[in-house]
$ cat run_27.tsv   # TSV, C-alpha atoms
chain	number	residue	atom	x	y	z
A	1	MET	CA	-11.77	14.37	19.65
A	2	ALA	CA	-15.20	12.97	18.81
A	3	PHE	CA	-15.39	9.96	16.52
A	4	GLU	CA	-18.08	9.86	13.84
A	5	ARG	CA	-18.61	6.78	11.73
A	6	LEU	CA	-18.10	7.30	8.00
A	7	ALA	CA	-21.35	7.56	6.07
A	8	ALA	CA	-19.85	5.10	3.57
A	9	ASP	CA	-19.53	2.51	6.37
A	10	PHE	CA	-23.17	1.63	5.75
A	11	TYR	CA	-23.23	-1.50	7.92
A	12	GLY	CA	-21.18	-0.09	10.78
A	13	PHE	CA	-17.97	-2.11	10.67
A	14	GLU	CA	-16.18	0.68	12.54
A	15	ASP	CA	-18.25	-0.21	15.57
A	16	GLU	CA	-15.85	-3.12	16.10
A	17	LEU	CA	-13.08	-0.72	17.06
A	18	THR	CA	-12.34	-0.08	20.72
A	19	ASP	CA	-12.92	3.38	22.16
A	20	ARG	CA	-9.18	4.02	22.15
A	21	GLU	CA	-8.91	2.93	18.53
A	22	LYS	CA	-11.83	5.20	17.57
A	23	GLU	CA	-10.09	8.14	19.24
A	24	ALA	CA	-6.92	7.38	17.28
A	25	ILE	CA	-8.86	7.20	14.00
A	26	ALA	CA	-10.59	10.49	14.80
A	27	GLU	CA	-7.23	12.19	15.46
A	28	LEU	CA	-5.74	10.79	12.25
A	29	ARG	CA	-8.83	11.80	10.25
A	30	ASP	CA	-8.66	15.36	11.59
A	31	TYR	CA	-4.99	15.65	10.62
A	32	LEU	CA	-5.59	14.27	7.13
A	33	GLU	CA	-8.53	16.59	6.51
A	34	THR	CA	-6.81	19.73	7.78
A	35	GLU	CA	-3.20	19.19	6.69
A	36	VAL	CA	-3.10	16.62	3.87
A	37	ARG	CA	-6.26	17.07	1.81
A	38	PRO	CA	-5.65	20.81	1.17
A	39	ILE	CA	-2.23	20.10	-0.38
A	40	ALA	CA	-2.84	16.72	-2.01
A	41	ASN	CA	-3.83	17.96	-5.45
A	42	ASP	CA	-0.97	20.46	-5.68
A	43	TYR	CA	1.67	17.87	-4.81
A	44	TRP	CA	0.01	15.34	-7.13
A	45	ALA	CA	0.11	17.85	-10.00
A	46	ARG	CA	3.81	18.56	-9.34
A	47	ALA	CA	4.63	14.87	-8.86
A	48	GLU	CA	6.25	15.63	-5.51
A	49	PHE	CA	5.78	13.96	-2.14
A	50	PRO	CA	4.86	16.19	0.84
A	51	ARG	CA	7.69	14.98	3.04
A	52	GLN	CA	6.74	17.46	5.74
A	53	VAL	CA	3.82	15.19	6.72
A	54	ILE	CA	6.06	12.25	7.58
A	55	PRO	CA	6.89	13.18	11.21
A	56	GLU	CA	3.25	13.71	12.16
A	57	LEU	CA	2.12	10.53	10.42
A	58	HIS	CA	4.57	8.61	12.57
A	59	ARG	CA	3.53	10.46	15.71
A	60	LEU	CA	-0.08	9.52	15.02
A	61	GLY	CA	0.87	5.84	14.91
A	62	THR	CA	0.20	5.11	11.25
A	63	VAL	CA	3.36	3.01	11.27
A	64	SER	CA	2.12	0.62	13.91
A	65	PHE	CA	4.08	-2.55	14.57
A	66	ALA	CA	3.27	-5.62	16.62
A	67	TRP	CA	6.81	-6.63	17.46
A	68	ASP	CA	8.52	-6.66	20.81
A	69	GLU	CA	11.47	-4.69	19.49
A	70	THR	CA	9.32	-1.56	19.11
A	71	ARG	CA	6.57	-1.55	21.70
A	72	PRO	CA	3.91	-3.93	23.03
A	73	PHE	CA	1.21	-4.87	20.55
A	74	GLU	CA	-1.40	-2.17	20.92
A	75	ASN	CA	-3.88	-2.23	18.08
A	76	SER	CA	-6.01	-4.81	16.31
A	77	ALA	CA	-5.51	-5.85	12.71
A	78	VAL	CA	-8.91	-4.34	11.90
A	79	PHE	CA	-7.74	-1.02	13.33
A	80	ARG	CA	-4.59	-1.14	11.21
A	81	GLY	CA	-6.79	-1.76	8.20
A	82	PHE	CA	-8.92	1.26	8.98
A	83	VAL	CA	-5.74	3.35	9.20
A	84	ALA	CA	-4.87	2.32	5.63
A	85	LEU	CA	-8.45	3.09	4.58
A	86	GLU	CA	-8.38	6.57	6.14
A	87	LEU	CA	-5.09	7.43	4.48
A	88	ALA	CA	-6.26	6.30	1.04
A	89	ARG	CA	-9.64	8.06	1.22
A	90	VAL	CA	-7.71	11.34	1.42
A	91	ASP	CA	-4.52	10.62	-0.56
A	92	ALA	CA	-3.52	7.23	-1.95
A	93	SER	CA	0.06	8.47	-2.38
A	94	VAL	CA	0.41	9.11	1.35
A	95	ALA	CA	-1.20	5.73	1.98
A	96	THR	CA	1.41	4.15	-0.29
A	97	TYR	CA	4.27	5.75	1.64
A	98	VAL	CA	2.92	4.24	4.85
A	99	GLY	CA	2.26	0.90	3.17
A	100	VAL	CA	5.87	0.66	1.99
A	101	GLN	CA	7.34	1.79	5.30
A	102	ASN	CA	5.00	-0.25	7.50
A	103	GLY	CA	4.10	-3.33	5.50
A	104	LEU	CA	6.82	-4.00	2.99
A	105	VAL	CA	9.96	-2.79	4.79
A	106	ALA	CA	9.11	-3.33	8.46
A	107	GLY	CA	7.12	-6.42	7.54
A	108	THR	CA	10.15	-7.88	5.80
A	109	LEU	CA	12.39	-7.17	8.78
A	110	SER	CA	9.84	-8.70	11.12
A	111	ALA	CA	9.37	-11.86	9.07
A	112	CYS	CA	12.90	-12.33	7.79
A	113	GLY	CA	15.26	-10.42	10.05
A	114	SER	CA	17.30	-11.74	12.95
A	115	PRO	CA	16.49	-10.53	16.48
A	116	GLU	CA	19.47	-8.20	16.22
A	117	GLN	CA	18.31	-6.78	12.89
A	118	ARG	CA	14.78	-6.27	14.19
A	119	ALA	CA	16.08	-4.54	17.31
A	120	GLU	CA	18.27	-2.22	15.25
A	121	TRP	CA	15.90	-1.21	12.48
A	122	LEU	CA	12.26	-1.57	13.57
A	123	PRO	CA	12.29	1.21	16.19
A	124	LYS	CA	13.88	3.59	13.67
A	125	LEU	CA	11.28	2.73	11.03
A	126	ALA	CA	8.46	3.17	13.54
A	127	ALA	CA	9.71	6.59	14.61
A	128	GLY	CA	10.36	7.76	11.05
A	129	GLU	CA	14.05	8.19	11.78
A	130	VAL	CA	14.75	5.91	8.83
A	131	VAL	CA	12.73	5.77	5.61
A	132	GLY	CA	12.66	2.43	3.84
A	133	ALA	CA	12.02	1.15	0.33
A	134	PHE	CA	11.35	-2.37	-0.97
A	135	GLY	CA	13.21	-3.55	-4.05
A	136	LEU	CA	11.62	-6.60	-5.63
A	137	THR	CA	10.19	-5.63	-9.04
A	138	GLU	CA	12.65	-5.36	-11.90
A	139	PRO	CA	12.56	-3.87	-15.42
A	140	LEU	CA	12.06	-7.35	-16.90
A	141	SER	CA	10.50	-9.10	-13.92
A	142	GLY	CA	7.19	-8.27	-12.26
A	143	SER	CA	4.57	-10.98	-11.96
A	144	ASP	CA	7.22	-13.67	-12.53
A	145	SER	CA	9.51	-12.51	-9.70
A	146	ALA	CA	9.46	-15.95	-8.11
A	147	GLN	CA	11.28	-17.39	-11.12
A	148	GLY	CA	12.49	-14.47	-13.22
A	149	LEU	CA	14.53	-12.38	-10.77
A	150	ARG	CA	17.71	-11.24	-12.54
A	151	THR	CA	19.44	-9.26	-9.78
A	152	THR	CA	22.25	-11.40	-8.37
A	153	ALA	CA	24.12	-11.61	-5.09
A	154	GLU	CA	27.50	-13.33	-4.82
A	155	ARG	CA	29.19	-13.99	-1.51
A	156	GLN	CA	32.82	-12.94	-1.30
A	157	GLY	CA	34.20	-13.61	2.16
A	158	ASP	CA	32.16	-11.65	4.70
A	159	GLU	CA	30.49	-9.54	2.02
A	160	TRP	CA	27.88	-9.93	-0.71
A	161	VAL	CA	28.28	-8.27	-4.10
A	162	ILE	CA	24.95	-7.32	-5.65
A	163	ASN	CA	24.42	-6.51	-9.33
A	164	GLY	CA	21.21	-5.80	-11.17
A	165	ALA	CA	18.33	-3.35	-11.47
A	166	LYS	CA	14.98	-2.64	-9.83
A	167	ARG	CA	11.99	-0.65	-11.08
A	168	TRP	CA	8.86	1.00	-9.64
A	169	ILE	CA	10.39	1.17	-6.17
A	170	GLY	CA	8.30	3.47	-3.97
A	171	ASN	CA	9.98	5.92	-1.56
A	172	ALA	CA	13.28	5.09	-3.25
A	173	THR	CA	14.32	8.63	-4.18
A	174	PHE	CA	14.56	9.59	-0.51
A	175	SER	CA	14.88	6.29	1.36
A	176	ASP	CA	17.71	5.66	3.81
A	177	ILE	CA	17.64	1.90	3.31
A	178	THR	CA	16.22	-0.34	0.61
A	179	VAL	CA	15.44	-4.00	1.05
A	180	ILE	CA	16.90	-5.60	-2.07
A	181	TRP	CA	15.86	-9.08	-3.17
A	182	ALA	CA	18.51	-10.88	-5.23
A	183	LYS	CA	19.24	-14.39	-6.45
A	184	ASP	CA	22.21	-16.08	-4.80
A	185	VAL	CA	24.52	-17.21	-7.60
A	186	ALA	CA	25.65	-20.17	-5.49
A	187	ASP	CA	22.31	-21.87	-4.85
A	188	GLY	CA	19.86	-19.99	-7.08
A	189	GLN	CA	17.67	-19.02	-4.12
A	190	VAL	CA	16.23	-15.53	-3.56
A	191	LYS	CA	17.71	-13.75	-0.56
A	192	GLY	CA	17.09	-10.35	1.01
A	193	PHE	CA	19.53	-7.59	1.94
A	194	ILE	CA	19.29	-4.33	3.87
A	195	VAL	CA	21.12	-1.89	1.60
A	196	PRO	CA	21.91	1.62	2.89
A	197	THR	CA	21.26	3.97	-0.01
A	198	THR	CA	24.65	5.66	0.48
A	199	THR	CA	26.42	2.41	-0.48
A	200	PRO	CA	28.79	2.88	-3.45
A	201	GLY	CA	27.29	1.48	-6.64
A	202	TYR	CA	23.68	2.10	-5.55
A	203	ARG	CA	21.83	4.68	-7.66
A	204	ALA	CA	18.12	5.62	-7.63
A	205	THR	CA	16.58	7.68	-10.44
A	206	LYS	CA	13.03	9.02	-10.26
A	207	ILE	CA	10.59	7.63	-12.84
A	208	GLU	CA	9.06	10.57	-14.70
A	209	GLY	CA	5.78	10.87	-16.56
A	210	LYS	CA	3.56	8.82	-14.24
A	211	GLN	CA	-0.15	9.59	-14.39
A	212	ALA	CA	-1.14	7.62	-11.29
A	213	LEU	CA	0.10	7.97	-7.71
A	214	ARG	CA	2.07	10.91	-8.98
A	215	SER	CA	3.17	11.98	-5.50
A	216	VAL	CA	4.74	8.60	-4.83
A	217	GLN	CA	8.45	8.81	-5.59
A	218	ASN	CA	8.97	5.66	-7.64
A	219	ALA	CA	12.49	5.03	-8.86
A	220	ASP	CA	14.62	2.92	-11.11
A	221	ILE	CA	17.47	1.48	-9.05
A	222	ALA	CA	20.83	0.50	-10.52
A	223	LEU	CA	23.06	-1.85	-8.50
A	224	GLU	CA	26.64	-2.04	-9.72
A	225	ASP	CA	29.00	-4.10	-7.56
A	226	VAL	CA	27.13	-3.01	-4.42
A	227	ARG	CA	28.95	-4.52	-1.43
A	228	VAL	CA	26.84	-5.43	1.60
A	229	PRO	CA	28.24	-7.08	4.75
A	230	GLU	CA	26.84	-10.44	5.85
A	231	ARG	CA	25.32	-8.77	8.91
A	232	LEU	CA	22.93	-6.90	6.57
A	233	ARG	CA	21.72	-10.05	4.86
A	234	LEU	CA	18.25	-10.90	6.18
A	235	GLN	CA	19.05	-14.00	8.17
A	236	HIS	CA	15.67	-15.69	7.66
A	237	ALA	CA	15.17	-14.89	3.96
A	238	ASN	CA	16.38	-18.02	2.21
A	239	SER	CA	13.95	-18.44	-0.70
A	240	PHE	CA	11.11	-16.66	-2.48
A	241	ARG	CA	8.70	-18.38	-0.09
A	242	ASP	CA	10.02	-16.05	2.60
A	243	THR	CA	9.33	-13.06	0.36
A	244	ALA	CA	5.79	-14.36	-0.12
A	245	LYS	CA	5.19	-14.24	3.64
A	246	VAL	CA	5.54	-10.47	3.47
A	247	LEU	CA	3.38	-10.08	0.36
A	248	ARG	CA	0.56	-12.06	1.97
A	249	ALA	CA	0.12	-9.41	4.67
A	250	THR	CA	0.75	-6.39	2.45
A	251	ARG	CA	-1.79	-7.51	-0.16
A	252	ALA	CA	-4.43	-7.41	2.55
A	253	GLU	CA	-3.35	-3.87	3.45
A	254	VAL	CA	-3.57	-2.83	-0.20
A	255	ALA	CA	-7.10	-4.25	-0.25
A	256	TRP	CA	-7.97	-1.94	2.66
A	257	ALA	CA	-6.42	1.00	0.80
A	258	ALA	CA	-8.50	0.14	-2.27
A	259	VAL	CA	-11.65	0.43	-0.16
A	260	GLY	CA	-10.46	3.78	1.18
A	261	LEU	CA	-9.73	5.07	-2.32
A	262	ALA	CA	-13.21	4.01	-3.47
A	263	ILE	CA	-14.73	5.79	-0.46
A	264	GLY	CA	-12.78	8.96	-1.26
A	265	ALA	CA	-14.18	9.06	-4.80
A	266	TYR	CA	-17.69	8.15	-3.60
A	267	GLU	CA	-17.68	10.87	-0.93
A	268	ALA	CA	-16.62	13.45	-3.50
A	269	ALA	CA	-19.45	12.33	-5.79
A	270	VAL	CA	-22.09	12.45	-3.04
A	271	LYS	CA	-21.01	15.99	-2.11
A	272	TYR	CA	-20.97	17.17	-5.72
A	273	ALA	CA	-24.35	15.60	-6.51
A	274	GLY	CA	-25.93	17.50	-3.63
A	275	GLU	CA	-24.46	20.83	-4.78
A	276	ARG	CA	-24.64	20.66	-8.58
A	277	ILE	CA	-27.90	22.17	-9.86
A	278	GLN	CA	-29.25	21.11	-13.25
A	279	PHE	CA	-32.80	21.46	-14.58
A	280	GLY	CA	-33.58	23.51	-11.49
A	281	LYS	CA	-32.66	20.93	-8.84
A	282	PRO	CA	-29.64	19.05	-7.44
A	283	ILE	CA	-28.52	16.21	-9.66
A	284	ALA	CA	-28.68	14.00	-6.55
A	285	SER	CA	-32.45	13.98	-7.04
A	286	HIS	CA	-32.16	12.26	-10.41
A	287	GLN	CA	-32.72	8.50	-10.53
A	288	LEU	CA	-29.70	7.73	-12.69
A	289	VAL	CA	-27.36	9.51	-10.27
A	290	GLN	CA	-28.87	7.71	-7.30
A	291	ASP	CA	-28.40	4.42	-9.15
A	292	LEU	CA	-24.66	5.11	-9.55
A	293	LEU	CA	-24.34	6.08	-5.89
A	294	ALA	CA	-26.23	3.00	-4.71
A	295	LYS	CA	-24.09	0.67	-6.84
A	296	SER	CA	-20.96	2.38	-5.53
A	297	LEU	CA	-22.08	1.95	-1.93
A	298	GLY	CA	-22.80	-1.72	-2.59
A	299	ASN	CA	-19.27	-2.23	-3.89
A	300	ILE	CA	-17.79	-0.40	-0.91
A	301	THR	CA	-19.87	-2.36	1.59
A	302	SER	CA	-19.08	-5.78	0.15
A	303	SER	CA	-15.39	-4.90	-0.07
A	304	LEU	CA	-15.33	-3.60	3.49
A	305	ALA	CA	-16.95	-6.79	4.77
A	306	LEU	CA	-14.28	-8.83	3.00
A	307	VAL	CA	-11.28	-6.90	4.32
A	308	VAL	CA	-12.62	-6.84	7.87
A	309	GLN	CA	-12.87	-10.62	7.82
A	310	VAL	CA	-9.40	-11.00	6.28
A	311	SER	CA	-8.00	-8.88	9.12
A	312	ARG	CA	-9.82	-10.99	11.68
A	313	MET	CA	-8.21	-14.06	10.11
A	314	LEU	CA	-4.79	-12.37	10.28
A	315	GLU	CA	-5.43	-11.74	13.97
A	316	ASN	CA	-6.31	-15.35	14.74
A	317	GLY	CA	-3.62	-16.86	12.53
A	318	THR	CA	-5.87	-18.45	9.90
A	319	GLN	CA	-5.17	-16.10	6.96
A	320	ARG	CA	-3.52	-17.83	3.98
A	321	ASP	CA	-2.15	-16.57	0.68
A	322	GLU	CA	-5.41	-17.16	-1.14
A	323	HIS	CA	-7.37	-15.10	1.39
A	324	SER	CA	-5.29	-11.96	0.91
A	325	ALA	CA	-5.10	-12.62	-2.85
A	326	LEU	CA	-8.90	-12.75	-3.18
A	327	ALA	CA	-9.22	-9.61	-1.07
A	328	LYS	CA	-6.77	-7.71	-3.25
A	329	ALA	CA	-8.28	-8.90	-6.55
A	330	PHE	CA	-11.90	-8.29	-5.51
A	331	THR	CA	-11.57	-4.93	-3.78
A	332	THR	CA	-9.41	-3.36	-6.47
A	333	SER	CA	-11.84	-4.48	-9.17
A	334	ARG	CA	-14.80	-3.01	-7.26
A	335	MET	CA	-12.75	0.14	-6.57
A	336	ARG	CA	-12.21	0.58	-10.30
A	337	GLU	CA	-15.96	0.55	-10.87
A	338	VAL	CA	-16.63	3.01	-8.04
A	339	VAL	CA	-14.10	5.59	-9.20
A	340	ALA	CA	-15.46	5.39	-12.75
A	341	TRP	CA	-19.08	5.81	-11.61
A	342	SER	CA	-18.07	8.63	-9.29
A	343	ARG	CA	-16.19	10.45	-12.03
A	344	GLU	CA	-19.20	10.00	-14.32
A	345	ILE	CA	-21.39	11.92	-11.88
A	346	PHE	CA	-19.15	14.97	-12.29
A	347	GLY	CA	-19.48	15.12	-16.07
A	348	GLY	CA	-16.84	17.44	-17.52
A	349	ASN	CA	-15.84	18.65	-14.07
A	350	GLY	CA	-14.66	15.14	-13.34
A	351	ILE	CA	-11.47	15.57	-15.34
A	352	VAL	CA	-10.03	18.57	-13.45
A	353	LEU	CA	-8.18	18.35	-10.14
A	354	ASP	CA	-10.36	20.97	-8.46
A	355	TYR	CA	-12.89	18.30	-7.51
A	356	ASP	CA	-10.47	15.56	-6.35
A	357	VAL	CA	-12.26	12.76	-8.16
A	358	VAL	CA	-9.87	12.59	-11.14
A	359	ARG	CA	-6.96	12.06	-8.73
A	360	PHE	CA	-8.79	9.08	-7.24
A	361	PHE	CA	-9.68	7.87	-10.73
A	362	ASN	CA	-6.05	7.89	-11.90
A	363	ASP	CA	-4.56	6.59	-8.65
A	364	ALA	CA	-6.92	3.62	-8.75
A	365	GLU	CA	-5.11	2.27	-11.80
A	366	ALA	CA	-1.84	1.96	-9.89
A	367	VAL	CA	-3.47	0.38	-6.84
A	368	TYR	CA	-5.24	-2.06	-9.18
A	369	SER	CA	-1.87	-3.21	-10.56
A	370	TYR	CA	0.70	-3.19	-7.77
A	371	GLU	CA	1.26	-5.83	-5.07
A	372	GLY	CA	0.10	-8.49	-7.52
A	373	THR	CA	-2.10	-7.90	-10.55
A	374	ARG	CA	-5.70	-9.10	-10.56
A	375	GLU	CA	-4.71	-11.94	-12.89
A	376	MET	CA	-1.93	-13.23	-10.64
A	377	ASN	CA	-4.08	-13.02	-7.55
A	378	THR	CA	-6.92	-14.88	-9.23
A	379	LEU	CA	-4.46	-17.65	-10.11
A	380	ILE	CA	-3.46	-17.92	-6.45
A	381	VAL	CA	-7.14	-18.28	-5.57
A	382	GLY	CA	-7.69	-20.67	-8.48
A	383	ARG	CA	-4.91	-22.92	-7.22
A	384	ALA	CA	-6.59	-23.03	-3.81
A	385	ILE	CA	-9.94	-23.89	-5.40
A	386	THR	CA	-8.72	-26.61	-7.75
A	387	GLY	CA	-5.46	-27.82	-6.27
A	388	LEU	CA	-3.84	-27.13	-9.65
A	389	ALA	CA	-1.41	-24.34	-10.49
A	390	ALA	CA	-2.04	-22.48	-13.74
A	391	PHE	CA	0.70	-19.85	-13.57
A	392	VAL	CA	2.44	-20.87	-16.79
$ encode --input "run_27.tsv" --output "structure tokens"
Amino acid sequence: MAFERLAADFYGFEDELTDREKEAIAELRDYLETEVRPIANDYWARAEFPRQVIPELHRLGTVSFAWDETRPFENSAVFRGFVALELARVDASVATYVGVQNGLVAGTLSACGSPEQRAEWLPKLAAGEVVGAFGLTEPLSGSDSAQGLRTTAERQGDEWVINGAKRWIGNATFSDITVIWAKDVADGQVKGFIVPTTTPGYRATKIEGKQALRSVQNADIALEDVRVPERLRLQHANSFRDTAKVLRATRAEVAWAAVGLAIGAYEAAVKYAGERIQFGKPIASHQLVQDLLAKSLGNITSSLALVVQVSRMLENGTQRDEHSALAKAFTTSRMREVVAWSREIFGGNGIVLDYDVVRFFNDAEAVYSYEGTREMNTLIVGRAITGLAAFV
């Protein structure tokens, strides 16, 4: 399948990909355009996730791990970023499913699991045999999770008893396992647990009424005397610092998705501007429309340059928390501008699903907020700049 560089990749960052990686992107792009885009608006309107796409997404390698327990490391970090971009430029909800499965759940097991836990669970996650969810955020604890986590875990013999609640947990209405983060009542440290969703006392309830990422199945989770054996405690998750290792990598992936979402809205606007006739000519010929498109492309290009470099740093081992934090804060802010400018080009047509752009516009608000708000990420960067923490 022939690979064609995206028109929105104005400076040609995709040229860095190997021929094999380009072929994989072309195959993924073809699947997304033929099978996902035609159904995205309908599932978004019904607030349902198209679970039938999951097997093919896994076959196409969107859940692509670097760990020995699955398969030899095959693809570059830049390639994995472009996968997130491609998913989000068609449907940010599908991109979120992959981000949870690949980054948050498998990333947690990779960073915090024992060799035995990685060997047991990573191949199943890669193949899509097991769907995972990631339970960190709580009803009363979001940005302050490092200090304000209220879910508790108490060891009783060879078991842990978990009590508490989680909120906004993606994939959680149909996940097979959920990684639950809880505070050990003995030492006050945050620890992680692999919790099968069939465990007595575990209950997930879909959050209704969302107006962003509507296809993502976010849930409230109740944990009432949930008993988990010691073998399902993540053996290398001993404090919130271990949780932060996972978030560092996933924030960079969300930054890539933000670029993809911006590109999706921009592409819709370029197409519409070339087709919409007003005053006897396409609106693309008007200066004010071209100004909005040029500003959007500038935002996309600067954001793409940033995430490519962050992925290079991940590859060579130099990426730190502040690098992924700046990427997430910057790209989501620029994304917000692009989706607004793109929607503006549509006029009244920009508020109906028929033209896609309103889905991107709404979904951008969720991507802007999750995996660390702009404010929290700027404080991480500010600490790196000044050497002083200003979190409270």
$ residues_around --input "run_27.tsv" --residues "range 264-274 of chain A" --least-positions-apart "5" --cutoff "7 Å" --atoms "only C-alpha atoms" --output "list in words"
Arg89, Val90, Pro282, Ile283, Ala284, Ser296, Val338, Val339, Ser342, Ile345, Val357 and Phe360 of chain A
$ residues_around --input "run_27.tsv" --residues "Val358 in chain A" --least-positions-apart "4" --cutoff "10 Å" --atoms "only C-alpha atoms" --output "PyMOL selection string"
chain A and resi 41+265+339-340+342-343+346+349-354+362-364
$ write_last_selection --input "run_27.tsv" --atoms "C-alpha atoms" --output "PDB file, in the coordinates of the input"
ATOM      1  CA  ASN A  41      -3.830  17.960  -5.450  1.00  0.00           C
ATOM      2  CA  ALA A 265     -14.180   9.060  -4.800  1.00  0.00           C
ATOM      3  CA  VAL A 339     -14.100   5.590  -9.200  1.00  0.00           C
ATOM      4  CA  ALA A 340     -15.460   5.390 -12.750  1.00  0.00           C
ATOM      5  CA  SER A 342     -18.070   8.630  -9.290  1.00  0.00           C
ATOM      6  CA  ARG A 343     -16.190  10.450 -12.030  1.00  0.00           C
ATOM      7  CA  PHE A 346     -19.150  14.970 -12.290  1.00  0.00           C
ATOM      8  CA  ASN A 349     -15.840  18.650 -14.070  1.00  0.00           C
ATOM      9  CA  GLY A 350     -14.660  15.140 -13.340  1.00  0.00           C
ATOM     10  CA  ILE A 351     -11.470  15.570 -15.340  1.00  0.00           C
ATOM     11  CA  VAL A 352     -10.030  18.570 -13.450  1.00  0.00           C
ATOM     12  CA  LEU A 353      -8.180  18.350 -10.140  1.00  0.00           C
ATOM     13  CA  ASP A 354     -10.360  20.970  -8.460  1.00  0.00           C
ATOM     14  CA  ASN A 362      -6.050   7.890 -11.900  1.00  0.00           C
ATOM     15  CA  ASP A 363      -4.560   6.590  -8.650  1.00  0.00           C
ATOM     16  CA  ALA A 364      -6.920   3.620  -8.750  1.00  0.00           C
TER      17      ALA A 364
END
$ residues_around --input "run_27.tsv" --residues "Asn218 in chain A" --least-positions-apart "3" --cutoff "7 Å" --atoms "only C-alpha atoms" --output "NGL selection string"
:A and (168-172 or 206-207)
$ write_last_selection --input "run_27.tsv" --atoms "C-alpha atoms" --output "compact mmCIF listing (two decimals), in the coordinates of the input"
# COMPACT_ATOMS: atom_id res chain seq x y z
CA TRP A 168 8.86 1.00 -9.64
CA ILE A 169 10.39 1.17 -6.17
CA GLY A 170 8.30 3.47 -3.97
CA ASN A 171 9.98 5.92 -1.56
CA ALA A 172 13.28 5.09 -3.25
CA LYS A 206 13.03 9.02 -10.26
CA ILE A 207 10.59 7.63 -12.84
$ atom_distance --input "run_27.tsv" --atom1 "CA of Gly387 in chain A" --atom2 "CA of Ala258 in chain A"
28.4 Å
$ closest_residue --input "run_27.tsv" --among "A:Val36, A:Ile263, A:Ala84, A:Ile180" --to "Asn102 in chain A" --atoms "all atoms listed in the file"
A:Ala84
$ residues_around --input "run_27.tsv" --residues "Ala222 in chain A" --least-positions-apart "3" --cutoff "10 Å" --atoms "all atoms listed in the file" --output "PDB file with C-alpha atoms, keeping the file's coordinate frame"
ATOM      1  CA  THR A 151      19.440  -9.260  -9.780  1.00  0.00           C
ATOM      2  CA  ASN A 163      24.420  -6.510  -9.330  1.00  0.00           C
ATOM      3  CA  GLY A 164      21.210  -5.800 -11.170  1.00  0.00           C
ATOM      4  CA  ALA A 165      18.330  -3.350 -11.470  1.00  0.00           C
ATOM      5  CA  LYS A 166      14.980  -2.640  -9.830  1.00  0.00           C
ATOM      6  CA  ARG A 167      11.990  -0.650 -11.080  1.00  0.00           C
ATOM      7  CA  GLY A 201      27.290   1.480  -6.640  1.00  0.00           C
ATOM      8  CA  TYR A 202      23.680   2.100  -5.550  1.00  0.00           C
ATOM      9  CA  ARG A 203      21.830   4.680  -7.660  1.00  0.00           C
ATOM     10  CA  ALA A 204      18.120   5.620  -7.630  1.00  0.00           C
ATOM     11  CA  THR A 205      16.580   7.680 -10.440  1.00  0.00           C
ATOM     12  CA  ALA A 219      12.490   5.030  -8.860  1.00  0.00           C
ATOM     13  CA  ASP A 225      29.000  -4.100  -7.560  1.00  0.00           C
ATOM     14  CA  VAL A 226      27.130  -3.010  -4.420  1.00  0.00           C
TER      15      VAL A 226
END
$ residues_near_point --input "run_27.tsv" --point "(12.1, -10.3, -3.1)" --cutoff "7 Å" --atoms "only C-alpha atoms" --output "list of chain:residue names"
A:Gly135, A:Leu136, A:Ile180, A:Trp181, A:Ala182, A:Val190, A:Gly192, A:Phe240, A:Thr243
$ build_atoms --input "run_27.tsv" --residues "range 83-92 of chain A" --atoms "N, CA and C atoms" --output "compact mmCIF listing (two decimals), keeping the file's coordinate frame"
# COMPACT_ATOMS: atom_id res chain seq x y z
N VAL A 83 -6.75 2.31 9.40
CA VAL A 83 -5.74 3.35 9.20
C VAL A 83 -5.40 3.45 7.72
N ALA A 84 -5.16 2.31 7.07
CA ALA A 84 -4.87 2.32 5.63
C ALA A 84 -6.03 2.90 4.84
N LEU A 85 -7.25 2.56 5.25
CA LEU A 85 -8.45 3.09 4.58
C LEU A 85 -8.51 4.61 4.71
N GLU A 86 -8.30 5.13 5.92
CA GLU A 86 -8.38 6.57 6.14
C GLU A 86 -7.34 7.32 5.32
N LEU A 87 -6.14 6.79 5.28
CA LEU A 87 -5.09 7.43 4.48
C LEU A 87 -5.48 7.49 3.01
N ALA A 88 -5.97 6.37 2.47
CA ALA A 88 -6.26 6.30 1.04
C ALA A 88 -7.50 7.11 0.66
N ARG A 89 -8.44 7.28 1.57
CA ARG A 89 -9.64 8.06 1.22
C ARG A 89 -9.33 9.55 1.11
N VAL A 90 -8.15 9.96 1.58
CA VAL A 90 -7.71 11.34 1.42
C VAL A 90 -6.63 11.43 0.34
N ASP A 91 -5.61 10.57 0.42
CA ASP A 91 -4.52 10.62 -0.56
C ASP A 91 -3.87 9.25 -0.65
N ALA A 92 -4.08 8.57 -1.76
CA ALA A 92 -3.52 7.23 -1.95
C ALA A 92 -2.00 7.25 -2.01
